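Colleague: This is the structure I have questions about; it appears just below.
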Amino acid sequence: MLDIKLVRENPEIVQNNLQKRGDPEKLEMLNNLINYDKKWRNLLVQANELRHKRKKITTEVANLKKQKKDASKQIEKAKHIPQQIKKLEIQVAKYRENAEILLMKLPNLLHESVPFGKDESDNVVEKLIGRPPKFGFKPKSHVEIASDLGLIDFERAAKVSGHGFYYLKGDLARLDFAIMTYTIDFLRNRDYTLVEPPLMMHRKPYLGVTDLEFFGDQLYKIENDDLYLIATSEHPMAAINMDEVILQKDLPIKYVGISPCFRKEVGTHGKYTKGLFRVHQFNKIEQFIFCLPEDSWKFHEELQKNSEDLYNSLGLHYRVVNVCTGDIGIIAAKKYDIEVWMADDSYREAGSNSNCTDYQARRLNIKYREKEGQSPVGFVHTLNNTAIATSRTLIAILEQNQQKDGTVLIPDVLRQLMGDKERLE
């Protein structure tokens, strides 16, 4: 969330940010937040004045009683003060809570390099890596390829679990694990610590890591329990230091997380819903960094380089887009997407790289201090980047590496992990 001091002292900065995002509803929220914030602070002043008045009268009564004088007038004056204070405290709590709720809903401040736009169609292509493969035949979709090879089963998965699930079989399942193993080793060699996080989270940390009002309908809630299945390992990794103060010497902290991910994918009917692209369960390797505020833009580029080097090593054709103001979401200050080329000649998102600055850390109350025993200096910055979502990487490999005879070339760097196999066949 934003710093309330920024809202109080420089509301025009927040207002300009919301105008860039094209969000009139949030502009109204900002105005209401400012009003609620003023109200609770003014009411608190009144309550404190009454407390001071009560204390003063109490002293007067004590002095009068010592002097054996009549204190009935002072006692009468003080009689209704506690009730008045209680009423004010109730109002303070109400307006303060309303202000805090609205503050959580306001989006992060955008970096100046984020392009203006209404939706994903306005995202700006920054890089185009490689070229689309040239086939001497009509290319198939990954669904056709994997089904023809007997390596995937959507129909039986639908019978068992419903639409959006699948069985990976044989060498395609092995390839899924090979991608994960390769990616983990790739990032461990760059000094990222492997983390296998909890697959469920309480509501409180989930409110910290993301906007549950927007993202909550994508989550699977455990019935009769305060637990949600995670949508990405980013979320439990972000919350790992919730309500803690990190020593400056321990920063940066770099993680590579591995987990299955669970998403309802509500509201995405008809949009790339066939096959592996938009499913309810998939495996993902995630990069996550906690760092000093002055270092976060450097690490944003480091994360991007990691992803690009990874996709380059797999020999995949992709592009990098700078996500525009209308598509970026509330948590990130800037976001790059990697979009892989598909056989229908489209580019689709395979991963996202976000610098969340202090926005996420402020929601989770994660601070840093220079030395043990000293007061916190401020909030850390957090960054996250999809290293590999295996389901979408499998699509890219199947569709970009398909051969005329129906087989699929396995990327060179994965062959050793596949028992030196060269093809899916």
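Letters for chains follow the order of the structure tokens (A, B, ...), residue numbers begin at 1 for each chain, and ligand numbers begin at 1 in the order shown.
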Using only C-alpha atoms, which protein or nucleic acid residues come within 7 Å of A:Phe137? Drop anything in the same chain fewer than 2 positions from it, and give the result as a PyMOL selection string.
Modeller: chain A and resi 135+139+404
Colleague: Write out as a list in words each polymer residue whose atoms come within 10 Å of A:Lys87, counting only C-alpha atoms; drop sequence neighbours fewer than 6 positions from it.
Modeller: Leu43, Ala47 and Ile81 of chain A
Colleague: Tell me, as a PDB file with C-alpha atoms, in the first residue's frame, which residues lie within 9 Å of stretch 236-243 of chain A, counting only C-alpha atoms; anything in the same chain fewer than 5 positions away does not count.
Modeller:
```
ATOM      1  CA  VAL A 195      12.445 -22.560  -1.476  1.00  0.00           C
ATOM      2  CA  PRO A 197       6.839 -23.024   0.279  1.00  0.00           C
ATOM      3  CA  PRO A 198       3.547 -23.948   1.955  1.00  0.00           C
ATOM      4  CA  LEU A 199       0.801 -24.580  -0.591  1.00  0.00           C
ATOM      5  CA  MET A 200      -1.842 -22.867   1.562  1.00  0.00           C
ATOM      6  CA  MET A 201      -1.985 -19.426   3.180  1.00  0.00           C
ATOM      7  CA  PRO A 205      -0.866 -12.667   4.584  1.00  0.00           C
ATOM      8  CA  TYR A 206      -2.853 -13.029   1.367  1.00  0.00           C
ATOM      9  CA  GLY A 208      -0.694  -8.382   2.192  1.00  0.00           C
ATOM     10  CA  VAL A 209       0.690  -9.952  -0.958  1.00  0.00           C
ATOM     11  CA  ILE A 230      -1.700 -20.595  -3.390  1.00  0.00           C
ATOM     12  CA  TYR A 255      14.773 -16.927  -3.699  1.00  0.00           C
ATOM     13  CA  GLY A 257      10.496 -20.991  -5.411  1.00  0.00           C
ATOM     14  CA  PHE A 288      11.670 -13.426  -5.668  1.00  0.00           C
ATOM     15  CA  ILE A 289      13.907 -10.708  -4.187  1.00  0.00           C
ATOM     16  CA  PHE A 290      13.866  -8.614  -1.000  1.00  0.00           C
ATOM     17  CA  GLN A 360       3.899  -5.048  -0.992  1.00  0.00           C
ATOM     18  CA  ALA A 361       6.347  -4.781   1.925  1.00  0.00           C
ATOM     19  CA  ARG A 363       1.148  -4.196   3.285  1.00  0.00           C
ATOM     20  CA  LEU A 364       3.086  -7.077   4.870  1.00  0.00           C
ATOM     21  CA  ASN A 365       4.986  -4.849   7.337  1.00  0.00           C
ATOM     22  CA  ILE A 366       8.472  -5.966   6.275  1.00  0.00           C
ATOM     23  CA  LYS A 367      11.142  -3.436   7.277  1.00  0.00           C
ATOM     24  CA  THR A 382      10.080  -6.645  -3.222  1.00  0.00           C
ATOM     25  CA  LEU A 383      10.358  -8.010  -6.752  1.00  0.00           C
ATOM     26  CA  ASN A 384       8.960 -11.127  -8.368  1.00  0.00           C
TER      27      ASN A 384
END
```
Colleague: Using DSSP assignments from the backbone, pull out every residue in stretch 207-297 of chain A that falls under alpha helix (DSSP H) and give it to me as a PyMOL selection string.
Modeller: chain A and resi 207-209+212-215+234-238+296-297
Colleague: Can those selected residues be exported to a file as a PDB file, in the first residue's frame so that it contains C-alpha atoms?
Modeller:
```
ATOM      1  CA  LEU A 207      -4.289  -9.549   1.928  1.00  0.00           C
ATOM      2  CA  GLY A 208      -0.694  -8.382   2.192  1.00  0.00           C
ATOM      3  CA  VAL A 209       0.690  -9.952  -0.958  1.00  0.00           C
ATOM      4  CA  LEU A 212      -7.953  -9.943  -2.765  1.00  0.00           C
ATOM      5  CA  GLU A 213     -10.852  -7.845  -4.035  1.00  0.00           C
ATOM      6  CA  PHE A 214      -9.463  -8.245  -7.567  1.00  0.00           C
ATOM      7  CA  PHE A 215      -7.595 -11.547  -7.258  1.00  0.00           C
ATOM      8  CA  GLU A 234       5.448 -15.693  -5.137  1.00  0.00           C
ATOM      9  CA  HIS A 235       2.732 -15.235  -2.524  1.00  0.00           C
ATOM     10  CA  PRO A 236       4.108 -17.376   0.345  1.00  0.00           C
ATOM     11  CA  MET A 237       7.657 -16.214  -0.471  1.00  0.00           C
ATOM     12  CA  ALA A 238       6.553 -12.565  -0.227  1.00  0.00           C
ATOM     13  CA  SER A 296      15.307  -2.472  -6.704  1.00  0.00           C
ATOM     14  CA  TRP A 297      15.527  -1.130 -10.259  1.00  0.00           C
TER      15      TRP A 297
END
```
Colleague: Residues near A:Ile246, anyone? I mean within 7 Å using only C-alpha atoms, not counting same-chain ones fewer than 4 positions away, as JSON, numbers by chain.
Modeller: {"A": [250, 367, 368, 369]}
Colleague: Applying 9 Å and only C-alpha atoms, which residues near A:Arg21 remain after dropping the ones on its own chain fewer than 3 positions away? List them as an MDAnalysis selection string.
Modeller: chainID A and resid 16:18 24 110 116:118 324:328
Colleague: Output C-alpha atoms of each residue in that selection to a file, as a PDB file, in the first residue's frame.
Modeller:
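Full text of out_37.pdb as output:
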```
ATOM      1  CA  ASN A  16      -1.865  12.066 -11.139  1.00  0.00           C
ATOM      2  CA  ASN A  17      -0.947   8.387 -10.780  1.00  0.00           C
ATOM      3  CA  LEU A  18      -4.624   7.379 -10.787  1.00  0.00           C
ATOM      4  CA  PRO A  24     -12.099   7.129 -11.949  1.00  0.00           C
ATOM      5  CA  LEU A 110       3.876   3.848 -11.537  1.00  0.00           C
ATOM      6  CA  PHE A 116       0.193   4.831 -21.220  1.00  0.00           C
ATOM      7  CA  GLY A 117      -2.560   2.551 -22.478  1.00  0.00           C
ATOM      8  CA  LYS A 118      -6.062   1.227 -21.879  1.00  0.00           C
ATOM      9  CA  CYS A 324       0.968  -0.388 -19.998  1.00  0.00           C
ATOM     10  CA  THR A 325      -0.883   1.635 -17.346  1.00  0.00           C
ATOM     11  CA  GLY A 326      -4.229  -0.016 -18.094  1.00  0.00           C
ATOM     12  CA  ASP A 327      -2.952  -3.595 -17.804  1.00  0.00           C
ATOM     13  CA  ILE A 328      -0.402  -3.523 -14.994  1.00  0.00           C
TER      14      ILE A 328
END
```
Colleague: Which residues are near A:Ala71? Cut-off 8 Å, only C-alpha atoms, ignore same chain within fewer than 5 positions. Put them as JSON, numbers by chain.
Modeller: {"A": [61, 64, 65]}
Colleague: Filtering to C-alpha atoms, could you give me those residues as a PDB file, in the first residue's frame?
Modeller:
```
ATOM      1  CA  VAL A  61     -11.139  17.675  42.692  1.00  0.00           C
ATOM      2  CA  LEU A  64     -10.349  20.701  46.759  1.00  0.00           C
ATOM      3  CA  LYS A  65     -10.839  17.534  48.796  1.00  0.00           C
TER       4      LYS A  65
END
```
Colleague: Write out as a ChimeraX atom specification the residues lying within 9 Å of stretch 216-226 of chain A, counting only C-alpha atoms and excluding same-chain residues fewer than 4 positions away.
Modeller: /A:200-203,210-212,230-231,262-266
Colleague: Output N, CA and C atoms for every residue in the selection just made, as a short mmCIF file (atom, residue, chain, number, x, y, z; two decimals), in the first residue's frame.
Modeller:
```
data_model
loop_
_atom_site.label_atom_id
_atom_site.label_comp_id
_atom_site.auth_asym_id
_atom_site.auth_seq_id
_atom_site.Cartn_x
_atom_site.Cartn_y
_atom_site.Cartn_z
N MET A 200 -0.64 -23.55 1.09
CA MET A 200 -1.84 -22.87 1.56
C MET A 200 -1.43 -21.68 2.43
N MET A 201 -2.27 -20.64 2.41
CA MET A 201 -1.99 -19.43 3.18
C MET A 201 -3.24 -18.93 3.89
N HIS A 202 -3.03 -18.29 5.05
CA HIS A 202 -4.13 -17.62 5.74
C HIS A 202 -4.53 -16.35 4.99
N ARG A 203 -5.70 -15.84 5.33
CA ARG A 203 -6.23 -14.64 4.67
C ARG A 203 -5.35 -13.40 4.94
N THR A 210 -1.38 -9.45 -2.16
CA THR A 210 -2.10 -9.09 -3.38
C THR A 210 -3.43 -8.44 -3.03
N ASP A 211 -4.12 -7.98 -4.05
CA ASP A 211 -5.42 -7.34 -3.90
C ASP A 211 -6.49 -8.43 -3.96
N LEU A 212 -6.98 -8.85 -2.80
CA LEU A 212 -7.95 -9.94 -2.77
C LEU A 212 -9.28 -9.56 -3.39
N ILE A 230 -2.48 -21.68 -2.79
CA ILE A 230 -1.70 -20.59 -3.39
C ILE A 230 -1.86 -20.58 -4.91
N ALA A 231 -1.87 -19.37 -5.46
CA ALA A 231 -1.95 -19.19 -6.91
C ALA A 231 -0.57 -19.16 -7.54
N PHE A 262 -2.57 -23.05 -8.12
CA PHE A 262 -3.99 -23.37 -8.26
C PHE A 262 -4.78 -22.09 -8.52
N ARG A 263 -5.52 -22.05 -9.63
CA ARG A 263 -6.28 -20.86 -9.98
C ARG A 263 -7.63 -21.24 -10.59
N LYS A 264 -8.67 -20.52 -10.17
CA LYS A 264 -9.99 -20.77 -10.73
C LYS A 264 -10.11 -20.27 -12.16
N GLU A 265 -9.36 -19.21 -12.50
CA GLU A 265 -9.42 -18.60 -13.83
C GLU A 265 -10.84 -18.16 -14.16
N VAL A 266 -11.49 -17.49 -13.18
CA VAL A 266 -12.84 -16.96 -13.38
C VAL A 266 -12.78 -15.80 -14.37
#
```
Colleague: When distances are computed from only C-alpha atoms, which of A:Gln248, A:Thr183, A:Gln287, A:Ser121 shows the smallest separation from A:Val380?
Modeller: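 Result for the nearest residue to A:Val380: A:Gln248.
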Colleague: What does the structure give for the distance between atom CA of A:Thr357 and atom CA of A:Phe186, in Å to one decimal?
Modeller: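 According to the coordinates, atom CA of A:Thr357 and atom CA of A:Phe186 are separated by 25.6 Å.
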Colleague: With only C-alpha atoms counted and 12 Å as the cut-off, give the residues of stretch 213-312 of chain A in contact with stretch 395-399 of chain A, each with its shortest interatomic distance in Å and the pair that gives it, as JSON lines.
Modeller:
```
{"residue": "A:Tyr272", "atom": "CA", "partner": "A:Ile395", "partner_atom": "CA", "distance": 11.9}
{"residue": "A:Lys274", "atom": "CA", "partner": "A:Ile395", "partner_atom": "CA", "distance": 11.5}
{"residue": "A:Gly275", "atom": "CA", "partner": "A:Ile395", "partner_atom": "CA", "distance": 8.7}
{"residue": "A:Leu276", "atom": "CA", "partner": "A:Ile395", "partner_atom": "CA", "distance": 7.0}
{"residue": "A:Phe277", "atom": "CA", "partner": "A:Ile395", "partner_atom": "CA", "distance": 7.4}
{"residue": "A:Arg278", "atom": "CA", "partner": "A:Ile395", "partner_atom": "CA", "distance": 11.1}
{"residue": "A:Tyr311", "atom": "CA", "partner": "A:Ala396", "partner_atom": "CA", "distance": 10.3}
```
Colleague: Would you write out those residues with C-alpha atoms, as a CSV table (one decimal), in the first residue's frame?
Modeller:
```
chain,number,residue,atom,x,y,z
A,272,TYR,CA,-7.1,-19.4,-24.8
A,274,LYS,CA,-8.3,-24.9,-24.9
A,275,GLY,CA,-5.3,-27.0,-23.9
A,276,LEU,CA,-2.6,-26.1,-21.4
A,277,PHE,CA,-2.6,-22.3,-21.6
A,278,ARG,CA,-5.2,-21.5,-19.0
A,311,TYR,CA,14.4,-18.7,-22.6
```
Colleague: Per residue of stretch 342-396 of chain A within 12 Å of stretch 150-172 of chain A, what are the shortest atom pair and its distance in Å to one decimal, counting only C-alpha atoms, with rows by chain and residue number, as JSON lines?
Modeller:
```
{"residue": "A:Thr390", "atom": "CA", "partner": "A:Leu172", "partner_atom": "CA", "distance": 10.8}
{"residue": "A:Ser391", "atom": "CA", "partner": "A:Leu168", "partner_atom": "CA", "distance": 10.0}
{"residue": "A:Thr393", "atom": "CA", "partner": "A:Leu172", "partner_atom": "CA", "distance": 11.6}
{"residue": "A:Leu394", "atom": "CA", "partner": "A:Leu172", "partner_atom": "CA", "distance": 8.2}
{"residue": "A:Ile395", "atom": "CA", "partner": "A:Leu172", "partner_atom": "CA", "distance": 10.8}
```
Colleague: Considering only strand (DSSP E or B) as DSSP defines it on the backbone, what residues of stretch 56-249 of chain A qualify? List them as a list in words.
Modeller: Val124, Val125, Glu126, Lys127, Leu128, Ile129, Ile152, Asp153, Tyr167, Leu168, Thr193, Leu194, Val195, Met200, Met201, Lys221, Tyr228, Leu229, Val245, Ile246 and Leu247 of chain A
Colleague: With N, CA and C atoms kept, could you save the residues just selected as a CSV table (one decimal), in the first residue's frame?
Modeller:
```
chain,number,residue,atom,x,y,z
A,124,VAL,N,3.7,-2.2,-24.9
A,124,VAL,CA,4.8,-1.9,-25.9
A,124,VAL,C,5.8,-3.0,-26.0
A,125,VAL,N,6.0,-3.4,-27.2
A,125,VAL,CA,7.1,-4.4,-27.5
A,125,VAL,C,8.4,-3.8,-27.4
A,126,GLU,N,9.3,-4.3,-26.5
A,126,GLU,CA,10.6,-3.8,-26.3
A,126,GLU,C,11.7,-4.6,-27.0
A,127,LYS,N,11.4,-5.9,-27.1
A,127,LYS,CA,12.4,-6.8,-27.7
A,127,LYS,C,11.7,-7.9,-28.4
A,128,LEU,N,12.3,-8.3,-29.5
A,128,LEU,CA,11.8,-9.5,-30.3
A,128,LEU,C,13.0,-10.4,-30.4
A,129,ILE,N,13.0,-11.6,-29.7
A,129,ILE,CA,14.2,-12.5,-29.7
A,129,ILE,C,13.9,-13.7,-30.6
A,152,ILE,N,-0.8,-36.8,-23.5
A,152,ILE,CA,-1.7,-35.9,-22.7
A,152,ILE,C,-3.1,-36.4,-22.8
A,153,ASP,N,-3.9,-36.2,-21.7
A,153,ASP,CA,-5.3,-36.7,-21.7
A,153,ASP,C,-6.1,-35.7,-21.0
A,167,TYR,N,-4.0,-34.8,-17.6
A,167,TYR,CA,-3.0,-35.8,-17.3
A,167,TYR,C,-1.8,-35.6,-18.2
A,168,LEU,N,-0.6,-35.4,-17.7
A,168,LEU,CA,0.6,-35.5,-18.5
A,168,LEU,C,1.1,-36.9,-18.4
A,193,THR,N,18.4,-18.9,-3.6
A,193,THR,CA,18.2,-20.0,-2.7
A,193,THR,C,16.9,-20.7,-3.0
A,194,LEU,N,16.9,-22.0,-3.1
A,194,LEU,CA,15.7,-22.8,-3.4
A,194,LEU,C,14.8,-22.8,-2.2
A,195,VAL,N,13.5,-22.5,-2.5
A,195,VAL,CA,12.4,-22.6,-1.5
A,195,VAL,C,11.3,-23.4,-2.0
A,200,MET,N,-0.6,-23.6,1.1
A,200,MET,CA,-1.8,-22.9,1.6
A,200,MET,C,-1.4,-21.7,2.4
A,201,MET,N,-2.3,-20.6,2.4
A,201,MET,CA,-2.0,-19.4,3.2
A,201,MET,C,-3.2,-18.9,3.9
A,221,LYS,N,-10.6,-21.5,-1.9
A,221,LYS,CA,-10.7,-21.3,-0.5
A,221,LYS,C,-11.0,-22.7,0.1
A,228,TYR,N,-6.2,-20.6,2.0
A,228,TYR,CA,-6.4,-20.6,0.5
A,228,TYR,C,-5.3,-21.4,-0.1
A,229,LEU,N,-5.6,-22.1,-1.2
A,229,LEU,CA,-4.5,-22.7,-2.0
A,229,LEU,C,-3.8,-21.6,-2.7
A,245,VAL,N,11.7,-7.4,10.9
A,245,VAL,CA,12.7,-6.4,10.5
A,245,VAL,C,13.9,-7.2,10.1
A,246,ILE,N,14.4,-6.9,8.8
A,246,ILE,CA,15.6,-7.6,8.3
A,246,ILE,C,16.8,-6.8,8.4
A,247,LEU,N,17.9,-7.4,8.8
A,247,LEU,CA,19.2,-6.6,8.9
A,247,LEU,C,19.6,-6.2,7.5
```
Colleague: Under the rule that only C-alpha atoms are counted, which of A:Arg423, A:His317, A:Lys371, A:Arg415 is the nearest residue to A:Ile179?
Modeller: A:Arg415
Colleague: Of the candidates A:Asp337, A:Glu60, A:Glu28, A:Asp412, which one gets nearest to A:Val14 if we count only C-alpha atoms?
Modeller: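 That would be A:Glu28, the residue with the smallest distance to A:Val14.
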Colleague: Using Å and a single decimal, report how far atom CA of A:Val323 sits from atom CA of A:Met180.
Modeller: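 Atom-to-atom, atom CA of A:Met180 and atom CA of A:Val323 are spaced 26.2 Å apart.
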